[in-house]
$ cat query.pdb   # PDB, C-alpha atoms, pLDDT in the B column
MODEL        1
ATOM      1  CA  MET A   1      -2.693  13.131  -1.040  1.00 93.00           C
ATOM      2  CA  ALA A   2      -3.592  11.436   2.238  1.00 97.00           C
ATOM      3  CA  VAL A   3      -2.181  10.849   5.715  1.00 98.00           C
ATOM      4  CA  LEU A   4      -1.583   7.435   7.272  1.00 98.00           C
ATOM      5  CA  ILE A   5      -4.047   6.326   9.951  1.00 98.00           C
ATOM      6  CA  GLU A   6      -2.809   3.876  12.570  1.00 96.00           C
ATOM      7  CA  ALA A   7      -4.236   3.071  16.007  1.00 93.00           C
ATOM      8  CA  ILE A   8      -6.141   6.222  17.034  1.00 96.00           C
ATOM      9  CA  SER A   9      -5.288   9.244  14.916  1.00 98.00           C
ATOM     10  CA  VAL A  10      -6.165  12.887  15.350  1.00 98.00           C
ATOM     11  CA  VAL A  11      -6.538  14.432  11.896  1.00 98.00           C
ATOM     12  CA  ILE A  12      -6.432  18.228  11.849  1.00 98.00           C
ATOM     13  CA  ARG A  13      -7.141  20.685   9.067  1.00 98.00           C
ATOM     14  CA  ALA A  14      -3.819  22.371   8.298  1.00 97.00           C
ATOM     15  CA  GLU A  15      -5.565  25.726   7.931  1.00 97.00           C
ATOM     16  CA  ALA A  16      -6.770  25.451  11.564  1.00 98.00           C
ATOM     17  CA  ILE A  17      -3.187  25.093  12.825  1.00 98.00           C
ATOM     18  CA  LEU A  18      -2.064  28.061  10.739  1.00 97.00           C
ATOM     19  CA  ALA A  19      -4.992  30.202  11.892  1.00 97.00           C
ATOM     20  CA  HIS A  20      -5.175  29.323  15.580  1.00 97.00           C
ATOM     21  CA  TYR A  21      -2.055  27.632  16.933  1.00 97.00           C
ATOM     22  CA  PRO A  22       0.296  30.199  18.546  1.00 95.00           C
ATOM     23  CA  GLY A  23       3.457  30.232  16.446  1.00 96.00           C
ATOM     24  CA  GLY A  24       1.768  28.337  13.608  1.00 95.00           C
ATOM     25  CA  TRP A  25       3.140  25.190  12.014  1.00 96.00           C
ATOM     26  CA  GLU A  26       6.648  25.410  13.485  1.00 96.00           C
ATOM     27  CA  GLU A  27       5.422  25.698  17.093  1.00 96.00           C
ATOM     28  CA  PHE A  28       2.838  22.958  16.569  1.00 97.00           C
ATOM     29  CA  ARG A  29       5.429  20.642  15.035  1.00 96.00           C
ATOM     30  CA  ASP A  30       7.871  21.294  17.884  1.00 95.00           C
ATOM     31  CA  ALA A  31       5.154  20.720  20.516  1.00 94.00           C
ATOM     32  CA  CYS A  32       3.913  17.474  18.968  1.00 94.00           C
ATOM     33  CA  PRO A  33       3.789  14.839  21.745  1.00 93.00           C
ATOM     34  CA  ASN A  34       5.288  11.953  19.742  1.00 92.00           C
ATOM     35  CA  GLN A  35       6.997  10.980  16.476  1.00 91.00           C
ATOM     36  CA  THR A  36       3.853  10.087  14.476  1.00 95.00           C
ATOM     37  CA  LEU A  37       3.308  13.512  12.938  1.00 97.00           C
ATOM     38  CA  CYS A  38       2.740  13.567   9.195  1.00 97.00           C
ATOM     39  CA  ALA A  39       1.116  16.104   6.896  1.00 97.00           C
ATOM     40  CA  ASP A  40       0.069  16.265   3.252  1.00 96.00           C
ATOM     41  CA  GLY A  41      -0.392  20.043   2.986  1.00 94.00           C
ATOM     42  CA  GLU A  42      -4.120  19.917   3.757  1.00 96.00           C
ATOM     43  CA  LEU A  43      -4.327  17.466   6.646  1.00 98.00           C
ATOM     44  CA  ILE A  44      -2.083  16.842   9.641  1.00 98.00           C
ATOM     45  CA  ARG A  45      -2.103  13.547  11.531  1.00 98.00           C
ATOM     46  CA  VAL A  46      -0.828  12.660  15.006  1.00 98.00           C
ATOM     47  CA  GLY A  47      -1.313   9.082  16.229  1.00 96.00           C
ATOM     48  CA  PHE A  48      -1.928   7.629  19.669  1.00 94.00           C
ATOM     49  CA  MET A  49      -2.273   4.166  21.150  1.00 86.00           C
ATOM     50  CA  THR A  50      -4.626   5.001  24.022  1.00 87.00           C
ATOM     51  CA  PRO A  51      -7.880   6.967  24.215  1.00 90.00           C
ATOM     52  CA  GLN A  52      -6.552   8.859  27.255  1.00 90.00           C
ATOM     53  CA  ASP A  53      -3.561  10.251  25.355  1.00 92.00           C
ATOM     54  CA  THR A  54      -5.830  11.091  22.416  1.00 96.00           C
ATOM     55  CA  GLN A  55      -8.260  12.975  24.643  1.00 96.00           C
ATOM     56  CA  ARG A  56      -5.440  14.895  26.361  1.00 94.00           C
ATOM     57  CA  PHE A  57      -4.116  16.013  22.948  1.00 97.00           C
ATOM     58  CA  ILE A  58      -7.576  17.102  21.748  1.00 98.00           C
ATOM     59  CA  GLU A  59      -8.083  19.097  24.948  1.00 97.00           C
ATOM     60  CA  ASP A  60      -4.715  20.793  24.441  1.00 96.00           C
ATOM     61  CA  LEU A  61      -5.682  21.737  20.883  1.00 97.00           C
ATOM     62  CA  GLY A  62      -8.988  23.069  22.214  1.00 97.00           C
ATOM     63  CA  ARG A  63      -7.097  25.416  24.549  1.00 96.00           C
ATOM     64  CA  HIS A  64      -5.535  26.874  21.392  1.00 96.00           C
ATOM     65  CA  GLY A  65      -8.896  27.435  19.694  1.00 96.00           C
ATOM     66  CA  ILE A  66      -8.862  24.280  17.561  1.00 98.00           C
ATOM     67  CA  GLU A  67     -12.321  22.761  17.893  1.00 98.00           C
ATOM     68  CA  TYR A  68     -13.232  19.063  17.675  1.00 98.00           C
ATOM     69  CA  LEU A  69     -17.023  19.034  17.361  1.00 97.00           C
ATOM     70  CA  ARG A  70     -19.506  21.731  16.401  1.00 97.00           C
ATOM     71  CA  ASP A  71     -23.177  20.710  16.282  1.00 97.00           C
ATOM     72  CA  GLY A  72     -22.133  17.039  16.346  1.00 96.00           C
ATOM     73  CA  ARG A  73     -19.861  17.312  13.299  1.00 98.00           C
ATOM     74  CA  ALA A  74     -16.078  17.500  13.002  1.00 98.00           C
ATOM     75  CA  ALA A  75     -14.999  21.150  12.973  1.00 98.00           C
ATOM     76  CA  ASP A  76     -11.195  21.638  12.876  1.00 98.00           C
ATOM     77  CA  LEU A  77     -10.197  18.054  13.678  1.00 98.00           C
ATOM     78  CA  VAL A  78     -11.575  14.546  13.549  1.00 98.00           C
ATOM     79  CA  VAL A  79     -10.575  11.337  15.302  1.00 98.00           C
ATOM     80  CA  ALA A  80      -9.892   8.422  12.971  1.00 98.00           C
ATOM     81  CA  ASP A  81      -9.667   4.833  14.194  1.00 95.00           C
ATOM     82  CA  GLN A  82      -7.530   2.456  12.140  1.00 94.00           C
ATOM     83  CA  GLN A  83     -10.220  -0.229  12.188  1.00 91.00           C
ATOM     84  CA  ARG A  84     -13.461   1.758  12.382  1.00 94.00           C
ATOM     85  CA  GLY A  85     -12.821   4.956  10.431  1.00 97.00           C
ATOM     86  CA  LEU A  86     -13.941   8.445  11.380  1.00 98.00           C
ATOM     87  CA  ALA A  87     -15.451   8.855  14.852  1.00 97.00           C
ATOM     88  CA  ALA A  88     -17.714  11.755  13.862  1.00 98.00           C
ATOM     89  CA  PRO A  89     -19.471  12.965  10.730  1.00 98.00           C
ATOM     90  CA  CYS A  90     -17.006  15.045   8.731  1.00 98.00           C
ATOM     91  CA  ASP A  91     -17.618  17.308   5.731  1.00 97.00           C
ATOM     92  CA  TRP A  92     -13.950  17.920   4.897  1.00 98.00           C
ATOM     93  CA  ALA A  93     -12.186  14.524   5.171  1.00 98.00           C
ATOM     94  CA  GLU A  94     -12.768  10.940   4.154  1.00 97.00           C
ATOM     95  CA  PHE A  95     -11.378   7.622   5.419  1.00 97.00           C
ATOM     96  CA  GLY A  96     -10.424   4.593   3.348  1.00 96.00           C
ATOM     97  CA  ARG A  97      -7.913   1.833   2.732  1.00 95.00           C
ATOM     98  CA  VAL A  98      -5.108   1.974   0.211  1.00 93.00           C
ATOM     99  CA  ALA A  99      -2.769  -0.684  -1.191  1.00 94.00           C
ATOM    100  CA  TRP A 100       0.659   0.276   0.141  1.00 95.00           C
ATOM    101  CA  GLU A 101       3.106   0.733  -2.775  1.00 92.00           C
ATOM    102  CA  GLY A 102       0.481  -0.835  -5.052  1.00 91.00           C
ATOM    103  CA  ASP A 103       0.578  -4.198  -3.222  1.00 93.00           C
ATOM    104  CA  HIS A 104      -3.025  -5.188  -2.414  1.00 92.00           C
ATOM    105  CA  ARG A 105      -1.767  -7.590   0.277  1.00 92.00           C
ATOM    106  CA  LYS A 106      -0.411  -4.559   2.175  1.00 94.00           C
ATOM    107  CA  GLN A 107      -3.411  -2.432   3.100  1.00 94.00           C
ATOM    108  CA  VAL A 108      -3.069   0.798   5.086  1.00 96.00           C
ATOM    109  CA  ALA A 109      -5.792   3.030   6.448  1.00 97.00           C
ATOM    110  CA  ALA A 110      -5.641   6.643   5.292  1.00 97.00           C
ATOM    111  CA  CYS A 111      -7.506   9.907   5.502  1.00 98.00           C
ATOM    112  CA  ARG A 112      -7.585  12.558   2.785  1.00 97.00           C
ATOM    113  CA  ALA A 113      -9.260  15.873   2.121  1.00 97.00           C
ATOM    114  CA  LYS A 114     -12.776  15.320   0.748  1.00 96.00           C
ATOM    115  CA  ASP A 115     -12.115  16.563  -2.811  1.00 90.00           C
ATOM    116  CA  SER A 116      -8.657  14.991  -3.214  1.00 91.00           C
ATOM    117  CA  LYS A 117      -8.210  12.470  -6.004  1.00 83.00           C
ATOM    118  CA  SER A 118      -4.778  11.229  -4.904  1.00 82.00           C
ATOM    119  CA  ASN A 119      -4.250   7.942  -3.066  1.00 79.00           C
ATOM    120  CA  GLN A 120      -0.614   8.684  -2.259  1.00 92.00           C
ATOM    121  CA  VAL A 121      -0.169   8.272   1.500  1.00 97.00           C
ATOM    122  CA  VAL A 122       2.174  10.451   3.573  1.00 97.00           C
ATOM    123  CA  THR A 123       3.735   8.815   6.645  1.00 97.00           C
ATOM    124  CA  SER A 124       5.861  10.030   9.514  1.00 95.00           C
ATOM    125  CA  PRO A 125       9.646  10.012   8.975  1.00 94.00           C
ATOM    126  CA  GLY A 126      11.137   6.554   9.406  1.00 93.00           C
ATOM    127  CA  TRP A 127       7.822   4.689   9.099  1.00 95.00           C
ATOM    128  CA  SER A 128       7.909   1.414   7.173  1.00 95.00           C
ATOM    129  CA  PHE A 129       5.153  -1.089   6.518  1.00 95.00           C
ATOM    130  CA  GLU A 130       7.101  -4.000   7.963  1.00 93.00           C
ATOM    131  CA  GLY A 131       6.654  -3.971  11.729  1.00 84.00           C
ATOM    132  CA  SER A 132       3.946  -1.279  11.582  1.00 89.00           C
ATOM    133  CA  LEU A 133       0.480  -1.425  13.080  1.00 86.00           C
ATOM    134  CA  SER A 134      -0.809  -1.649   9.517  1.00 90.00           C
ATOM    135  CA  ALA A 135       1.129  -4.887   9.008  1.00 89.00           C
ATOM    136  CA  ARG A 136       0.293  -6.400  12.392  1.00 79.00           C
ATOM    137  CA  PHE A 137      -2.563  -4.825  14.307  1.00 60.00           C
ATOM    138  CA  GLN A 138      -3.622  -5.959  17.768  1.00 54.00           C
ATOM    139  CA  PHE A 139      -6.433  -4.321  19.716  1.00 50.00           C
ATOM    140  CA  VAL A 140      -6.812  -4.406  23.490  1.00 50.00           C
ATOM    141  CA  GLU A 141      -9.869  -2.852  25.176  1.00 52.00           C
ATOM    142  CA  THR A 142      -9.137   0.163  27.369  1.00 50.00           C
ATOM    143  CA  GLY A 143      -8.441  -0.847  30.947  1.00 54.00           C
ATOM    144  CA  TRP A 144      -8.208  -4.534  30.061  1.00 54.00           C
ATOM    145  CA  ILE A 145      -4.886  -6.322  29.986  1.00 62.00           C
ATOM    146  CA  PRO A 146      -5.501  -9.673  28.326  1.00 62.00           C
ATOM    147  CA  GLU A 147      -4.511 -12.864  30.068  1.00 69.00           C
ATOM    148  CA  PHE A 148      -1.667 -13.327  27.602  1.00 68.00           C
ATOM    149  CA  MET A 149      -0.041  -9.971  28.501  1.00 69.00           C
ATOM    150  CA  ASP A 150       2.019  -9.157  31.584  1.00 72.00           C
ATOM    151  CA  PHE A 151       2.811  -5.525  32.444  1.00 74.00           C
ATOM    152  CA  LEU A 152       6.580  -5.154  32.920  1.00 77.00           C
ATOM    153  CA  ARG A 153       7.411  -1.485  33.269  1.00 79.00           C
ATOM    154  CA  HIS A 154       6.855   2.069  32.180  1.00 77.00           C
ATOM    155  CA  GLU A 155       9.623   3.703  30.162  1.00 77.00           C
ATOM    156  CA  ILE A 156       9.651   7.268  28.930  1.00 70.00           C
ATOM    157  CA  GLY A 157       7.020   7.289  26.216  1.00 67.00           C
ATOM    158  CA  PHE A 158       6.086   3.580  26.511  1.00 66.00           C
ATOM    159  CA  ASP A 159       4.325   1.009  28.623  1.00 75.00           C
ATOM    160  CA  VAL A 160       6.054  -2.350  28.189  1.00 75.00           C
ATOM    161  CA  TYR A 161       4.253  -5.706  28.379  1.00 68.00           C
ATOM    162  CA  ARG A 162       5.409  -9.279  27.808  1.00 75.00           C
ATOM    163  CA  ASP A 163       3.361 -11.412  25.451  1.00 74.00           C
ATOM    164  CA  LEU A 164       3.070 -14.628  27.476  1.00 77.00           C
ATOM    165  CA  LYS A 165       2.511 -16.682  24.323  1.00 78.00           C
ATOM    166  CA  THR A 166       5.710 -15.605  22.574  1.00 82.00           C
ATOM    167  CA  GLY A 167       7.822 -14.173  25.413  1.00 82.00           C
ATOM    168  CA  LYS A 168       8.384 -11.038  23.334  1.00 79.00           C
ATOM    169  CA  GLU A 169       8.042  -7.538  24.701  1.00 72.00           C
ATOM    170  CA  VAL A 170       5.137  -5.464  23.400  1.00 65.00           C
ATOM    171  CA  TYR A 171       5.284  -1.673  23.506  1.00 64.00           C
ATOM    172  CA  VAL A 172       2.365   0.687  23.867  1.00 67.00           C
ATOM    173  CA  GLY A 173       3.333   4.251  22.998  1.00 64.00           C
ATOM    174  CA  ARG A 174       2.246   6.821  25.614  1.00 66.00           C
ATOM    175  CA  THR A 175       2.426  10.583  25.717  1.00 68.00           C
ATOM    176  CA  GLY A 176       1.830  10.997  29.415  1.00 55.00           C
ATOM    177  CA  GLY A 177      -0.329   9.920  32.287  1.00 43.00           C
ATOM    178  CA  LYS A 178       0.048   6.932  34.538  1.00 38.00           C
ATOM    179  CA  SER A 179       0.912   3.372  33.619  1.00 35.00           C
ATOM    180  CA  PRO A 180      -1.316   0.545  34.966  1.00 35.00           C
TER
ENDMDL
END

$ encode --input "query.pdb" --output "structure tokens"
Amino acid sequence: MAVLIEAISVVIRAEAILAHYPGGWEEFRDACPNQTLCADGELIRVGFMTPQDTQRFIEDLGRHGIEYLRDGRAADLVVADQQRGLAAPCDWAEFGRVAWEGDHRKQVAACRAKDSKSNQVVTSPGWSFEGSLSARFQFVETGWIPEFMDFLRHEIGFDVYRDLKTGKEVYVGRTGGKSP
């Protein structure tokens, strides 16, 4: 099996959570900072929309003995970017694209354990392709609000912008920190 990769994803070896996280899977699941958690039995994925939130999560895992890099290679977790793939060399996971529900026009990024042969992708509860980042991806450089975006407000868990071209609100999921 495989886990969905959208935006910036932290992919963790399930065995690392079971071995190191106080309280194991249940405590980790309950402490997860957002609703993007999904797991296939070997890998666990939590997604983020900003590098700052990603880094904060990785640091928190590190305080629990779950290590990102060892000798320049992914140890217990790896960061996966929806567009670029794995951010570090990794011996235990691989990144690729899969046709969602067999439809080659609907491509999703996914990460699976290195020896897995399955292309079935596990998603978080309630996820659907329509309206997802896989269906309509937009990238904005960190610290740069494009001229067609206007910051409106910070809500719990979101920064809200207005797309000046369409007038529609655009939401950037956040797990903490300060809004612009």

$ residues_near_point --input "query.pdb" --point "(-0.5, 28.2, 11.3)" --cutoff "12 Å" --atoms "all atoms listed in the file" --output "list of chain:residue names"
A:Ile12, A:Arg13, A:Ala14, A:Glu15, A:Ala16, A:Ile17, A:Leu18, A:Ala19, A:His20, A:Tyr21, A:Pro22, A:Gly23, A:Gly24, A:Trp25, A:Glu26, A:Glu27, A:Phe28, A:Arg29, A:Gly41, A:Glu42, A:Ile44, A:His64, A:Gly65, A:Ile66

$ residues_around --input "query.pdb" --residues "Phe48 in chain A" --least-positions-apart "4" --cutoff "7 Å" --atoms "only C-alpha atoms" --output "PyMOL selection string"
chain A and resi 7-9+53-54

$ closest_residue --input "query.pdb" --among "A:Arg73, A:Arg56, A:Lys168, A:Lys106" --to "Ala93 in chain A" --atoms "all atoms listed in the file"
A:Arg73

$ atom_distance --input "query.pdb" --atom1 "CA of Val108 in chain A" --atom2 "CA of Met1 in chain A"
13.8 Å

$ atom_distance --input "query.pdb" --atom1 "CA of Asp150 in chain A" --atom2 "CA of Gly131 in chain A"
21.0 Å

$ resolve_selection --input "query.pdb" --expression "the PyMOL selection byres ((chain A and resi 10) around 6)" --output "PDB file with C-alpha atoms, in the coordinates of the input"
ATOM      1  CA  SER A   9      -5.288   9.244  14.916  1.00 98.00           C
ATOM      2  CA  VAL A  11      -6.538  14.432  11.896  1.00 98.00           C
ATOM      3  CA  ARG A  45      -2.103  13.547  11.531  1.00 98.00           C
ATOM      4  CA  VAL A  46      -0.828  12.660  15.006  1.00 98.00           C
ATOM      5  CA  VAL A  78     -11.575  14.546  13.549  1.00 98.00           C
ATOM      6  CA  VAL A  79     -10.575  11.337  15.302  1.00 98.00           C
TER       7      VAL A  79
END

$ closest_residue --input "query.pdb" --among "A:Gly126, A:Gln107, A:Asp40, A:Phe95" --to "Val3 in chain A" --atoms "only C-alpha atoms"
A:Asp40

$ resolve_selection --input "query.pdb" --expression "the PyMOL selection byres ((chain A and resi 72) around 12)" --output "PyMOL selection string"
chain A and resi 67-71+73-75+78+87-91

$ atom_distance --input "query.pdb" --atom1 "CA of Gln83 in chain A" --atom2 "CA of Ala135 in chain A"
12.7 Å

$ resolve_selection --input "query.pdb" --expression "the PyMOL selection byres ((chain A and resi 97) around 6)" --output "list in words"
Gly96, Val98, Val108, Ala109 and Ala110 of chain A

$ axis_aligned_box --input "query.pdb" --around "range 16-29 of chain A" --padding-each-side "4 Å" --output "JSON"
{"center_x": -0.1, "center_y": 25.4, "center_z": 14.6, "size_x": 21.4, "size_y": 17.6, "size_z": 15.8}

$ closest_residue --input "query.pdb" --among "A:His104, A:Ala39, A:Leu4, A:Asp76" --to "Leu61 in chain A" --atoms "only C-alpha atoms"
A:Asp76

$ closest_residue --input "query.pdb" --among "A:Phe129, A:Ile58, A:Leu37, A:Glu155" --to "Arg105 in chain A" --atoms "all atoms listed in the file"
A:Phe129
